[in-house]
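Data block for structure12.csv (CSV, C-alpha atoms):
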```
chain,number,residue,atom,x,y,z
A,3,MET,CA,-33.1,25.3,9.1
A,4,ALA,CA,-30.0,26.6,10.9
A,5,GLN,CA,-30.6,29.8,12.9
A,6,GLN,CA,-29.1,32.9,11.3
A,7,HIS,CA,-27.9,36.2,12.6
A,8,PRO,CA,-30.1,39.0,11.2
A,9,ASP,CA,-27.2,40.7,9.5
A,10,SER,CA,-25.3,37.7,8.4
A,11,THR,CA,-27.7,35.4,6.5
A,12,VAL,CA,-25.9,33.0,4.3
A,13,PRO,CA,-27.4,31.0,1.4
A,14,ALA,CA,-29.1,28.3,3.4
A,15,VAL,CA,-28.6,24.5,3.1
A,16,GLN,CA,-31.9,23.1,2.0
A,17,THR,CA,-33.6,20.5,4.1
A,18,ALA,CA,-36.3,19.4,1.7
A,19,GLY,CA,-36.0,16.5,-0.7
A,20,THR,CA,-33.9,13.5,-0.8
A,21,ALA,CA,-31.0,13.7,1.6
A,22,PRO,CA,-27.5,13.7,0.1
A,23,THR,CA,-25.5,11.0,1.7
A,24,GLY,CA,-21.9,9.8,2.0
A,25,GLY,CA,-22.2,8.5,-1.5
A,26,SER,CA,-22.5,12.1,-2.8
A,27,LEU,CA,-19.4,13.0,-0.9
A,28,ALA,CA,-17.6,10.0,-2.4
A,29,ASP,CA,-18.6,11.0,-5.9
A,30,TYR,CA,-17.5,14.6,-5.4
A,31,LEU,CA,-14.1,13.6,-4.0
A,32,ARG,CA,-13.5,11.1,-6.8
A,33,ALA,CA,-14.3,13.8,-9.4
A,34,GLN,CA,-11.9,16.3,-7.7
A,35,ALA,CA,-9.2,13.6,-7.5
A,36,THR,CA,-9.6,12.8,-11.2
A,37,GLU,CA,-9.4,16.5,-12.0
A,38,PHE,CA,-6.2,16.7,-9.9
A,39,LEU,CA,-4.6,13.8,-11.9
A,40,ARG,CA,-5.7,15.4,-15.2
A,41,ALA,CA,-4.1,18.7,-14.2
A,42,LEU,CA,-1.0,17.0,-13.0
A,43,ARG,CA,-0.6,15.2,-16.4
A,44,GLN,CA,-1.2,18.5,-18.2
A,45,HIS,CA,1.5,20.2,-16.0
A,46,ARG,CA,4.0,17.5,-16.8
A,47,GLU,CA,3.3,17.7,-20.5
A,48,SER,CA,3.5,21.6,-20.7
A,49,GLY,CA,7.3,21.7,-20.9
A,50,SER,CA,7.4,22.2,-24.6
A,51,GLY,CA,5.5,24.1,-27.3
A,52,GLY,CA,4.6,27.7,-28.0
A,53,ASN,CA,2.0,27.9,-25.2
A,54,ALA,CA,4.1,26.0,-22.6
A,55,ALA,CA,4.1,28.9,-20.1
A,56,ALA,CA,0.3,29.4,-20.4
A,57,ASP,CA,-0.4,25.7,-20.2
A,58,SER,CA,1.7,25.4,-17.1
A,59,VAL,CA,-0.1,28.3,-15.4
A,60,ASP,CA,-3.5,26.8,-16.3
A,61,ALA,CA,-2.5,23.4,-15.0
A,62,ALA,CA,-1.2,24.8,-11.8
A,63,ARG,CA,-4.4,26.7,-11.3
A,64,ALA,CA,-6.4,23.5,-11.9
A,65,LEU,CA,-4.2,21.7,-9.4
A,66,ARG,CA,-4.8,24.3,-6.8
A,67,ARG,CA,-8.6,24.3,-7.5
A,68,SER,CA,-9.0,20.6,-7.0
A,69,VAL,CA,-6.6,20.5,-4.0
A,70,ARG,CA,-8.6,23.2,-2.2
A,71,ARG,CA,-11.9,21.4,-2.8
A,72,VAL,CA,-10.6,18.0,-1.6
A,73,SER,CA,-9.0,19.6,1.5
A,74,GLY,CA,-12.1,21.7,2.2
A,75,SER,CA,-14.4,18.7,1.9
A,76,LEU,CA,-12.2,16.6,4.2
A,77,HIS,CA,-12.5,19.4,6.8
A,78,THR,CA,-16.3,19.9,6.6
A,79,PHE,CA,-17.2,16.2,6.4
A,80,ARG,CA,-14.4,14.7,8.4
A,81,PRO,CA,-16.8,12.8,10.8
A,82,LEU,CA,-17.8,10.7,7.8
A,83,LEU,CA,-14.3,9.8,6.8
A,84,ASP,CA,-11.5,7.7,8.2
A,85,PRO,CA,-9.9,10.1,10.7
A,86,GLU,CA,-6.3,8.9,10.4
A,87,TRP,CA,-6.4,9.1,6.7
A,88,SER,CA,-8.1,12.5,6.4
A,89,GLU,CA,-6.1,14.2,9.2
A,90,GLY,CA,-2.9,13.0,7.5
A,91,LEU,CA,-3.8,14.1,4.0
A,92,ARG,CA,-5.2,17.6,4.8
A,93,PRO,CA,-1.9,19.2,5.9
A,94,GLU,CA,-0.2,17.8,2.8
A,95,LEU,CA,-2.9,19.2,0.5
A,96,ALA,CA,-2.5,22.6,2.2
A,97,TRP,CA,1.3,22.4,1.6
A,98,VAL,CA,0.7,21.7,-2.1
A,99,SER,CA,-1.8,24.5,-2.5
A,100,GLY,CA,0.3,27.0,-0.7
A,101,THR,CA,3.5,26.1,-2.6
A,102,LEU,CA,1.8,26.3,-6.0
A,103,SER,CA,0.1,29.6,-5.2
A,104,MET,CA,3.2,31.6,-4.2
A,105,GLU,CA,4.5,32.4,-7.7
A,106,HIS,CA,1.1,33.6,-9.0
A,107,ALA,CA,0.6,35.7,-5.8
A,108,CYS,CA,4.0,37.4,-6.3
A,109,ALA,CA,3.3,38.2,-9.9
A,110,ALA,CA,-0.2,39.5,-9.2
A,111,ARG,CA,1.1,41.6,-6.3
A,112,LEU,CA,3.8,43.3,-8.4
A,113,GLU,CA,1.3,44.1,-11.2
A,114,ARG,CA,-1.1,45.5,-8.7
A,115,LEU,CA,1.5,47.7,-7.0
A,116,LEU,CA,3.0,49.0,-10.3
A,117,LEU,CA,-0.4,49.9,-11.7
A,118,ALA,CA,-1.3,51.7,-8.4
A,119,LEU,CA,1.9,53.7,-8.6
A,120,HIS,CA,1.0,54.8,-12.1
A,121,ARG,CA,-2.5,55.6,-11.1
A,122,LEU,CA,-1.4,57.6,-8.1
A,123,SER,CA,1.1,59.5,-10.3
A,124,GLY,CA,-1.5,60.2,-13.0
A,125,ALA,CA,0.8,58.4,-15.5
A,126,ALA,CA,-0.3,56.3,-18.5
A,127,VAL,CA,0.8,52.8,-18.5
A,128,LEU,CA,1.1,50.3,-21.3
A,129,PRO,CA,0.5,46.6,-20.7
A,130,ALA,CA,3.6,44.5,-20.1
A,131,GLN,CA,4.6,42.1,-22.8
A,132,ALA,CA,4.3,38.4,-22.0
A,133,GLY,CA,7.6,37.3,-20.5
A,134,GLY,CA,9.0,40.8,-20.8
A,135,PRO,CA,9.8,43.6,-18.3
A,136,ALA,CA,7.2,45.4,-16.3
A,137,PRO,CA,5.3,48.4,-17.7
A,138,GLN,CA,7.7,51.0,-19.1
A,139,GLU,CA,5.9,54.3,-18.8
A,140,ARG,CA,8.2,55.3,-15.9
A,141,GLY,CA,9.4,58.5,-17.6
A,142,THR,CA,6.3,60.2,-16.5
A,143,LEU,CA,6.6,59.2,-12.9
A,144,THR,CA,8.4,61.2,-10.2
A,145,VAL,CA,11.8,60.1,-9.2
A,146,GLY,CA,10.5,58.7,-5.9
A,147,ALA,CA,7.7,56.8,-7.6
A,148,ALA,CA,10.0,55.4,-10.3
A,149,LYS,CA,12.6,54.2,-7.7
A,150,ALA,CA,9.8,52.8,-5.6
A,151,GLY,CA,8.6,50.8,-8.6
A,152,ALA,CA,12.1,49.6,-9.4
A,153,LEU,CA,12.6,48.5,-5.8
A,154,LEU,CA,9.3,46.6,-5.8
A,155,ASP,CA,10.1,45.1,-9.1
A,156,ARG,CA,13.4,43.7,-7.8
A,157,GLN,CA,12.0,42.4,-4.6
A,158,LEU,CA,8.9,40.8,-5.9
A,159,THR,CA,10.6,39.4,-9.0
A,160,LEU,CA,13.2,37.8,-6.8
A,161,ALA,CA,10.4,36.4,-4.6
A,162,ARG,CA,8.6,35.1,-7.7
A,163,THR,CA,11.7,33.4,-9.0
A,164,ARG,CA,12.3,31.8,-5.6
A,165,ALA,CA,8.6,30.7,-5.5
A,166,HIS,CA,8.9,29.2,-9.0
A,167,SER,CA,12.0,27.2,-7.9
A,168,SER,CA,10.2,26.1,-4.8
A,169,ALA,CA,7.2,24.9,-6.8
A,170,LEU,CA,9.4,23.0,-9.2
A,171,GLN,CA,11.3,21.4,-6.4
A,172,ALA,CA,8.1,20.5,-4.6
A,173,LEU,CA,6.6,18.9,-7.6
A,174,GLY,CA,9.6,16.7,-8.0
A,175,SER,CA,9.9,15.8,-4.4
A,176,SER,CA,9.1,12.4,-2.8
A,177,ARG,CA,6.6,14.3,-0.5
A,178,PHE,CA,4.6,15.5,-3.5
A,179,HIS,CA,4.7,12.0,-5.1
A,180,ALA,CA,3.3,10.6,-1.9
A,181,VAL,CA,0.4,13.1,-2.0
A,182,ALA,CA,-0.2,12.3,-5.7
A,183,ASP,CA,-0.3,8.6,-4.9
A,184,GLN,CA,-2.9,9.2,-2.1
A,185,VAL,CA,-5.0,11.3,-4.5
A,186,ALA,CA,-4.8,8.7,-7.2
A,187,VAL,CA,-6.1,6.1,-4.7
A,188,LEU,CA,-8.9,8.6,-3.8
A,189,ALA,CA,-10.0,8.7,-7.4
A,190,SER,CA,-11.2,5.1,-7.1
A,191,GLU,CA,-11.6,4.5,-3.4
A,192,VAL,CA,-13.0,6.9,-0.8
A,193,PRO,CA,-12.5,5.8,2.9
A,194,LEU,CA,-16.0,6.5,4.1
A,195,THR,CA,-17.0,5.4,7.6
A,196,ALA,CA,-20.7,6.3,7.2
A,197,ALA,CA,-21.8,5.9,3.6
A,198,ASP,CA,-25.5,6.4,4.4
A,199,ALA,CA,-25.1,9.4,6.7
A,200,ASP,CA,-27.0,12.6,5.8
A,201,LEU,CA,-24.5,15.3,4.7
A,202,ARG,CA,-26.8,18.3,5.5
A,203,PRO,CA,-26.1,18.6,9.3
A,204,LEU,CA,-22.4,18.9,8.6
A,205,ALA,CA,-23.0,21.4,5.8
A,206,ARG,CA,-25.3,23.4,8.0
A,207,ALA,CA,-22.5,23.5,10.7
A,208,ALA,CA,-20.2,25.0,8.1
A,209,GLU,CA,-23.0,27.5,7.2
A,210,GLU,CA,-23.4,28.5,10.9
A,211,ARG,CA,-19.6,29.0,11.4
A,212,LEU,CA,-19.7,31.4,8.4
A,213,GLY,CA,-22.7,33.2,9.9
A,214,ASP,CA,-21.0,33.5,13.3
A,215,ALA,CA,-17.8,34.8,11.7
A,216,VAL,CA,-19.6,37.4,9.6
A,217,ALA,CA,-21.7,38.5,12.6
A,218,ALA,CA,-18.4,39.2,14.5
A,219,LEU,CA,-17.1,41.5,11.8
A,220,PRO,CA,-17.2,45.2,12.4
A,221,LEU,CA,-19.8,45.7,9.6
A,222,VAL,CA,-21.1,49.0,11.1
A,223,THR,CA,-17.6,50.4,10.9
A,224,ALA,CA,-17.1,48.9,7.4
A,225,GLY,CA,-20.3,50.7,6.4
A,226,HIS,CA,-18.3,53.8,6.1
A,227,PRO,CA,-16.2,54.1,2.9
A,228,TYR,CA,-13.2,55.2,4.9
A,229,ASN,CA,-12.4,53.7,8.3
A,230,ALA,CA,-9.8,55.8,10.0
A,231,GLU,CA,-9.1,53.0,12.5
A,232,ALA,CA,-7.5,51.0,9.7
A,233,LEU,CA,-4.5,53.3,9.8
A,234,ILE,CA,-4.0,53.4,13.6
A,235,HIS,CA,-1.2,50.9,13.3
A,236,GLY,CA,0.0,52.1,9.9
A,237,LEU,CA,3.4,53.3,11.2
A,238,SER,CA,4.0,50.5,13.6
A,239,PRO,CA,7.5,49.0,13.5
A,240,ASP,CA,5.9,45.6,13.8
A,241,PRO,CA,6.0,43.9,10.4
A,242,ALA,CA,3.2,41.5,11.3
A,243,PRO,CA,0.0,41.5,9.3
A,244,HIS,CA,-2.5,44.3,10.0
A,245,PRO,CA,-4.4,43.4,13.2
A,246,GLN,CA,-7.8,44.2,11.6
A,247,ASP,CA,-7.3,41.8,8.7
A,248,ALA,CA,-7.3,38.4,10.3
A,249,PRO,CA,-11.1,38.1,11.0
A,250,TRP,CA,-11.8,39.1,7.3
A,251,HIS,CA,-9.3,36.5,6.1
A,252,GLN,CA,-11.1,33.9,8.3
A,253,VAL,CA,-14.5,34.8,6.8
A,254,ARG,CA,-13.0,34.4,3.3
A,255,LEU,CA,-11.8,30.9,4.2
A,256,LEU,CA,-15.2,30.0,5.8
A,257,LEU,CA,-17.1,31.3,2.8
A,258,ARG,CA,-15.0,29.1,0.6
A,259,LEU,CA,-15.7,26.0,2.8
A,260,HIS,CA,-19.4,26.8,2.7
A,261,ARG,CA,-19.4,27.1,-1.1
A,262,TYR,CA,-17.6,23.8,-1.4
A,263,ALA,CA,-20.1,22.1,0.9
A,264,LEU,CA,-22.9,23.3,-1.3
A,265,GLU,CA,-21.1,21.9,-4.3
A,266,VAL,CA,-21.0,18.5,-2.6
A,267,LEU,CA,-24.7,18.6,-1.7
A,268,HIS,CA,-25.8,19.6,-5.2
A,269,GLY,CA,-23.3,17.5,-7.2
A,270,GLY,CA,-21.4,20.4,-8.6
A,271,ASP,CA,-17.8,20.4,-9.8
A,272,GLY,CA,-16.9,24.0,-9.1
A,273,VAL,CA,-16.2,24.7,-12.7
A,274,SER,CA,-19.2,24.4,-15.0
A,275,ASP,CA,-22.0,24.8,-12.5
A,276,PRO,CA,-23.6,28.1,-11.8
A,277,VAL,CA,-22.4,29.9,-8.6
A,278,ASP,CA,-24.8,31.6,-6.2
A,279,VAL,CA,-24.5,35.3,-7.2
A,280,ARG,CA,-24.3,36.4,-3.6
A,281,LEU,CA,-21.5,34.0,-2.7
A,282,LEU,CA,-19.7,35.0,-5.9
A,283,THR,CA,-20.0,38.7,-5.1
A,284,ALA,CA,-19.0,38.3,-1.5
A,285,GLY,CA,-16.1,36.1,-2.4
A,286,GLN,CA,-14.8,38.6,-5.0
A,287,ALA,CA,-14.9,41.4,-2.4
A,288,LEU,CA,-12.9,39.3,0.1
A,289,ASP,CA,-10.4,38.3,-2.6
A,290,ARG,CA,-9.9,42.0,-3.3
A,291,HIS,CA,-9.5,42.5,0.5
A,292,ARG,CA,-6.8,39.8,0.7
A,293,ASP,CA,-5.0,41.1,-2.4
A,294,ALA,CA,-4.9,44.7,-1.1
A,295,SER,CA,-3.9,43.7,2.3
A,296,GLU,CA,-1.0,41.7,1.1
A,297,ALA,CA,0.0,44.5,-1.4
A,298,ALA,CA,0.0,47.0,1.5
A,299,ALA,CA,2.3,44.7,3.5
A,300,ALA,CA,4.7,44.4,0.5
A,301,ALA,CA,4.8,48.2,0.2
A,302,SER,CA,5.5,48.5,3.9
A,303,ALA,CA,8.2,45.8,3.7
A,304,ALA,CA,9.9,47.6,0.8
A,305,ALA,CA,9.8,50.9,2.8
A,306,ARG,CA,11.9,49.2,5.5
A,307,THR,CA,14.7,48.6,3.0
A,308,PRO,CA,17.9,50.1,4.5
A,309,ARG,CA,19.3,53.3,3.0
A,310,ILE,CA,16.6,54.1,0.5
A,311,ALA,CA,16.1,57.7,-0.5
A,312,PRO,CA,13.4,59.8,1.4
A,313,ALA,CA,11.5,60.3,-1.8
A,314,THR,CA,11.4,56.6,-2.4
A,315,ALA,CA,10.2,55.9,1.1
A,316,TYR,CA,7.5,58.6,0.7
A,317,ALA,CA,6.2,57.1,-2.5
A,318,LEU,CA,6.1,53.7,-0.8
A,319,GLY,CA,4.2,55.2,2.1
A,320,VAL,CA,1.6,56.7,-0.2
A,321,LEU,CA,1.3,53.4,-1.9
A,322,HIS,CA,0.8,51.6,1.4
A,323,ALA,CA,-1.9,54.1,2.4
A,324,ASP,CA,-3.6,53.6,-1.0
A,325,GLN,CA,-3.7,49.9,-0.6
A,326,ARG,CA,-5.1,50.2,2.9
A,327,HIS,CA,-7.9,52.4,1.3
A,328,GLU,CA,-8.5,49.5,-1.1
A,329,VAL,CA,-8.8,47.2,1.9
A,330,GLU,CA,-11.5,49.5,3.3
A,331,ALA,CA,-13.3,49.7,-0.1
A,332,ALA,CA,-13.4,45.9,-0.3
A,333,ARG,CA,-14.8,45.7,3.2
A,334,PHE,CA,-17.4,48.3,2.3
A,335,ALA,CA,-18.3,46.3,-0.9
A,336,PHE,CA,-18.7,43.1,1.1
A,337,GLN,CA,-20.8,44.8,3.8
A,338,GLN,CA,-23.1,46.3,1.1
A,339,SER,CA,-23.7,43.0,-0.8
A,340,TRP,CA,-24.0,40.9,2.4
A,341,GLN,CA,-26.5,43.2,4.2
A,342,ARG,CA,-28.5,43.9,1.0
A,343,GLN,CA,-29.1,40.2,0.5
A,344,ALA,CA,-29.9,39.8,4.2
A,345,LEU,CA,-32.8,42.3,3.9
A,346,ARG,CA,-34.3,40.2,1.1
A,347,THR,CA,-34.0,36.9,3.0
A,348,PRO,CA,-37.1,36.0,5.1
```
Could you render the structure from this file as C-alpha cells?
Amino acid sequence: MAQQHPDSTVPAVQTAGTAPTGGSLADYLRAQATEFLRALRQHRESGSGGNAAADSVDAARALRRSVRRVSGSLHTFRPLLDPEWSEGLRPELAWVSGTLSMEHACAARLERLLLALHRLSGAAVLPAQAGGPAPQERGTLTVGAAKAGALLDRQLTLARTRAHSSALQALGSSRFHAVADQVAVLASEVPLTAADADLRPLARAAEERLGDAVAALPLVTAGHPYNAEALIHGLSPDPAPHPQDAPWHQVRLLLRLHRYALEVLHGGDGVSDPVDVRLLTAGQALDRHRDASEAAAAASAAARTPRIAPATAYALGVLHADQRHEVEAARFAFQQSWQRQALRTP
C-alpha cells in the first residue's frame, strides 16, 4: 500500500487479488479508441435532422471523453508502451481535446456570468431558448449590470463563434485525420512493450502524486468559507491567471489521471461503471473551482475594455469578486469532502 499523507488520503489502489497486467491496459485503450471512432462517426452524421445541434454536441463530448482517457492512460502507463509512439500521440490528443472543448467552455462561461449578474441584481431570469438570444429579463437590471451583460455577451459569443470555426477547421485538417488514423490503429493493435507487467505500481505512483499535490494545498486556509488572501491580487494589472489557482488546477488534473488509472485496473469504461463517491464529489468541487476561476478571469478581461462606462466597470468588478467568492466556496467544499473521508480511512 502506498504511503498516504494523513490529510490527503486517496481511494487506494488495491494490492490483493490477481494483478492486472498490460493486457488490461490494452483492452481499455482498445475500448476507448473504439468509442472515439464511434463518436467521430456520429459527429460526421450529425449535420442534418432536427436534433443535429444536440447530436453534434453529444458527439463532441464523447470524443473529448475518449481522448482524455487515452491520453491519461498513455501518461500513467507510459513505461509499458512504445515510447516514441506514445510521446508522439499524447500532444496530438491534447490538441484535439483542447480544440473541441473551447466552444462549450465559452457557452458555459457566458451562461454562468449572465446568471450571476441576475442573481446579484435580484432579478428574475427566464431560460434562454435553444439557439436564441441570452436570457432577456434585463429590464430589471441596473444600467451598469445590463451593459456589463451585453458586453460579456458580445465578447464571449464572438469567442464561441471563433472556437466553433476552429473546431470545424481542426476536424477537417490533415493533422486531425492523422490522429484519427492512429486511434483507428489503436482500436486493433496496442504497442505494448511489457504485456505481462503489473499495472498496480504505476497506478500507485499516480495515486501518490495526487496525494502529494493535495497535501501541498492550503487546506487550512481553505477551511474558512472566505479567504481574504484570494483577493490580494484582485486589482493587479497583470491579466495572467490568479496565482493561487494553479495548484488547484493541477490537483484536478491529477485526480482525473488517478480516476482513469482505477478504470484501467478494474476494467471500467468511464461511462456505465459506478464512480467512487469521494472521487466524484472532489472532482465536482474542482470543476466548479475551474469554472469560477475562468469566469472571474473573463469578467476581469471585460472590465479592461477601453472606454466603458464607470457603472459597467463597477458591475464587472462586483461580478469578478462574486466569482472569486465562488472559487473559495469550491475550495471549501473540496476541503470538507476530502478531509471528512480522510478521517474515515484507517
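Picture a line from CA of Ala169 in chain A to CA of Gly74 in chain A; it runs 21.5 Å.
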note - CA of Ser168 in chain A and CA of Trp97 in chain A are separated by 11.6 Å
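Counting from CA of His244 in chain A, the distance to CA of Ser103 in chain A is 21.3 Å.
Distance check against Leu160 in chain A using only C-alpha atoms: of A:Leu112, A:Ala313, A:Leu42, A:Ala284, the minimum falls on A:Leu112.
Comparing A:Leu95, A:Pro245, A:Met104, A:Glu210 by their smallest distance to Val181 in chain A, the closest is A:Leu95 (using only C-alpha atoms).
Excluding Asp198 in chain A and any residue on its chain fewer than 3 positions from it, the residues at most 12 Å away by all atoms listed in the file are Ala21, Pro22, Thr23, Gly24, Gly25, Ser26, Leu27, Ala28, Leu82, Leu83, Leu194, Thr195 and Leu201 of chain A.
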Of A:Gly146, A:Gly213, A:Pro93, A:Gly269, the one nearest to Ala305 in chain A when counting all atoms listed in the file is A:Gly146
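Between Asp278 in chain A and the residues A:Arg290, A:His322, A:Ala148, A:Glu265, the shortest atom-to-atom distance, using only C-alpha atoms, involves A:Glu265.
Among A:Gln44, A:Arg114, A:Pro312, A:Gln252, the residue with the shortest atom-to-atom distance to Gln325 in chain A, counting only C-alpha atoms, is A:Arg114.
Between Ala299 in chain A and the candidates A:Val266, A:Leu321, A:Leu31, A:Val72, the tightest atom-to-atom separation, counting all atoms listed in the file, involves A:Leu321.
Residues with any atom within 10 Å of the point (0.5, 14.1, -13.4), counting all atoms listed in the file, are Phe38, Leu39, Arg40, Ala41, Leu42, Arg43, Gln44, His45, Arg46, Glu47, Ala61, Leu65, Leu173, His179, Ala182 and Ala186 of chain A.
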Item to complete: Please provide the set of residues having any atom within 12 Å of Ala208 in chain A, restricted to all atoms listed in the file, with same-chain residues fewer than 2 positions apart removed, written as a ChimeraX atom specification.
Response: /A:4,12-15,74-75,77-80,201-206,210-215,253,255-264
